[in-house]
>>> print(open('protein-v6.tsv').read())   # TSV, C-alpha atoms and all ligand atoms
chain	number	residue	atom	x	y	z
A	1	MET	CA	10.51	8.29	24.16
A	2	SER	CA	10.38	4.58	24.70
A	3	ILE	CA	8.42	2.96	21.98
A	4	GLN	CA	9.32	-0.65	22.41
A	5	SER	CA	6.03	-2.29	21.63
A	6	THR	CA	5.10	-0.41	18.51
A	7	PRO	CA	2.63	-2.47	16.51
A	8	ASP	CA	3.65	-3.45	13.04
A	9	LEU	CA	2.52	-0.62	10.88
A	10	ASN	CA	2.75	-0.55	7.14
A	11	PRO	CA	3.37	2.60	5.11
A	12	GLY	CA	-0.26	2.52	4.07
A	13	ASP	CA	-1.49	2.44	7.61
A	14	VAL	CA	-2.55	5.79	8.92
A	15	ALA	CA	-3.55	4.51	12.32
A	16	ALA	CA	-2.57	1.71	14.60
A	17	PRO	CA	-4.88	-1.28	14.77
A	18	GLY	CA	-7.44	-0.75	17.46
A	19	THR	CA	-7.30	3.00	17.19
A	20	PRO	CA	-10.74	4.50	17.78
A	21	GLY	CA	-12.07	6.03	14.61
A	22	ALA	CA	-9.86	3.93	12.41
A	23	GLY	CA	-10.72	0.85	10.46
A	24	GLU	CA	-9.42	-1.54	7.91
A	25	ASP	CA	-9.89	-0.74	4.30
A	26	ILE	CA	-8.78	-2.23	1.05
A	27	CYS	CA	-5.31	-1.15	0.04
A	28	ASP	CA	-5.43	1.17	-2.91
A	29	ALA	CA	-1.93	0.30	-4.04
A	30	CYS	CA	-2.68	-3.36	-4.70
A	31	ALA	CA	-6.48	-3.33	-4.76
A	32	GLY	CA	-6.53	-5.65	-1.80
A	33	ARG	CA	-4.49	-8.37	-3.46
A	34	GLY	CA	-1.47	-7.91	-1.27
A	35	THR	CA	0.86	-8.18	-4.20
A	36	LEU	CA	1.81	-5.87	-6.98
A	37	ALA	CA	1.69	-6.53	-10.69
A	38	ASP	CA	5.20	-7.94	-10.59
A	39	GLY	CA	4.27	-10.37	-7.85
A	40	LYS	CA	6.15	-8.59	-5.12
A	41	PRO	CA	4.48	-7.99	-1.77
A	42	CYS	CA	2.73	-4.67	-1.71
A	43	PRO	CA	4.81	-2.22	0.34
A	44	GLN	CA	1.82	-0.14	1.24
A	45	CYS	CA	-0.03	-2.83	3.12
A	46	GLY	CA	2.83	-5.22	3.72
A	47	GLY	CA	1.12	-7.90	1.68
A	48	SER	CA	-2.03	-7.97	3.76
A	49	GLY	CA	-4.11	-6.26	1.12
A	50	ARG	CA	-5.63	-4.06	3.74
A	51	VAL	CA	-4.60	-0.88	5.46
A	52	MET	CA	-5.83	1.00	8.45
A	53	GLU	CA	-7.61	4.19	7.53
A	54	GLY	CA	-9.23	6.82	9.60
A	55	ILE	CA	-13.02	6.83	9.61
A	56	GLY	CA	-14.77	10.08	10.20
A	57	GLY	CA	-13.05	13.18	11.42
A	58	GLY	CA	-10.30	12.17	9.31
B	101	ZN	ZN	-1.39	-3.19	-0.79
>>> encode(input="protein-v6.tsv", output="structure tokens")
Amino acid sequence: MSIQSTPDLNPGDVAAPGTPGAGEDICDACAGRGTLADGKPCPQCGGSGRVMEGIGGG
């Protein structure tokens, strides 16, 4: 096991960027805003407002 170049994945990401069959989608936790109601960065998407989700077969 030598995972040195693991892409930055957020808890809300179910697939690594570029993974076939996966695509970006709006983060449910923050509704795509990237921040929560208290103004803190959304932990699910890391503040990006978007997460990687599997498309089809998923
Ligand atoms: Zn979010």
>>> residues_near_ligand(input="protein-v6.tsv", ligand="ligand ZN 101 (chain B)", cutoff="6 Å", atoms="all atoms listed in the file", output="ChimeraX atom specification")
/A:27,29-30,32,34,42,44-45,47,49
>>> write_last_selection(input="protein-v6.tsv", atoms="C-alpha atoms", output="CSV table (one decimal), keeping the file's coordinate frame")
chain,number,residue,atom,x,y,z
A,27,CYS,CA,-5.3,-1.2,0.0
A,29,ALA,CA,-1.9,0.3,-4.0
A,30,CYS,CA,-2.7,-3.4,-4.7
A,32,GLY,CA,-6.5,-5.6,-1.8
A,34,GLY,CA,-1.5,-7.9,-1.3
A,42,CYS,CA,2.7,-4.7,-1.7
A,44,GLN,CA,1.8,-0.1,1.2
A,45,CYS,CA,0.0,-2.8,3.1
A,47,GLY,CA,1.1,-7.9,1.7
A,49,GLY,CA,-4.1,-6.3,1.1
>>> residues_around(input="protein-v6.tsv", residues="Pro17 of chain A", least_positions_apart="2", cutoff="7 Å", atoms="all atoms listed in the file", output="tab-separated table (two decimals) with C-alpha atoms, in the coordinates of the input")
chain	number	residue	atom	x	y	z
A	15	ALA	CA	-3.55	4.51	12.32
A	19	THR	CA	-7.30	3.00	17.19
A	52	MET	CA	-5.83	1.00	8.45
>>> closest_residue(input="protein-v6.tsv", among="A:Asp8, A:Ser48, A:Asp13, A:Gly54", to="Ala31 of chain A", atoms="only C-alpha atoms")
A:Ser48
>>> atom_distance(input="protein-v6.tsv", atom1="atom CA of Glu53 of chain A", atom2="atom CA of Asp25 of chain A")
6.3 Å
>>> atom_distance(input="protein-v6.tsv", atom1="atom CA of Lys40 of chain A", atom2="atom CA of Leu9 of chain A")
18.2 Å
>>> closest_residue(input="protein-v6.tsv", among="A:Asn10, A:Gly18, A:Asp38, A:Ile26", to="Arg50 of chain A", atoms="all atoms listed in the file")
A:Ile26
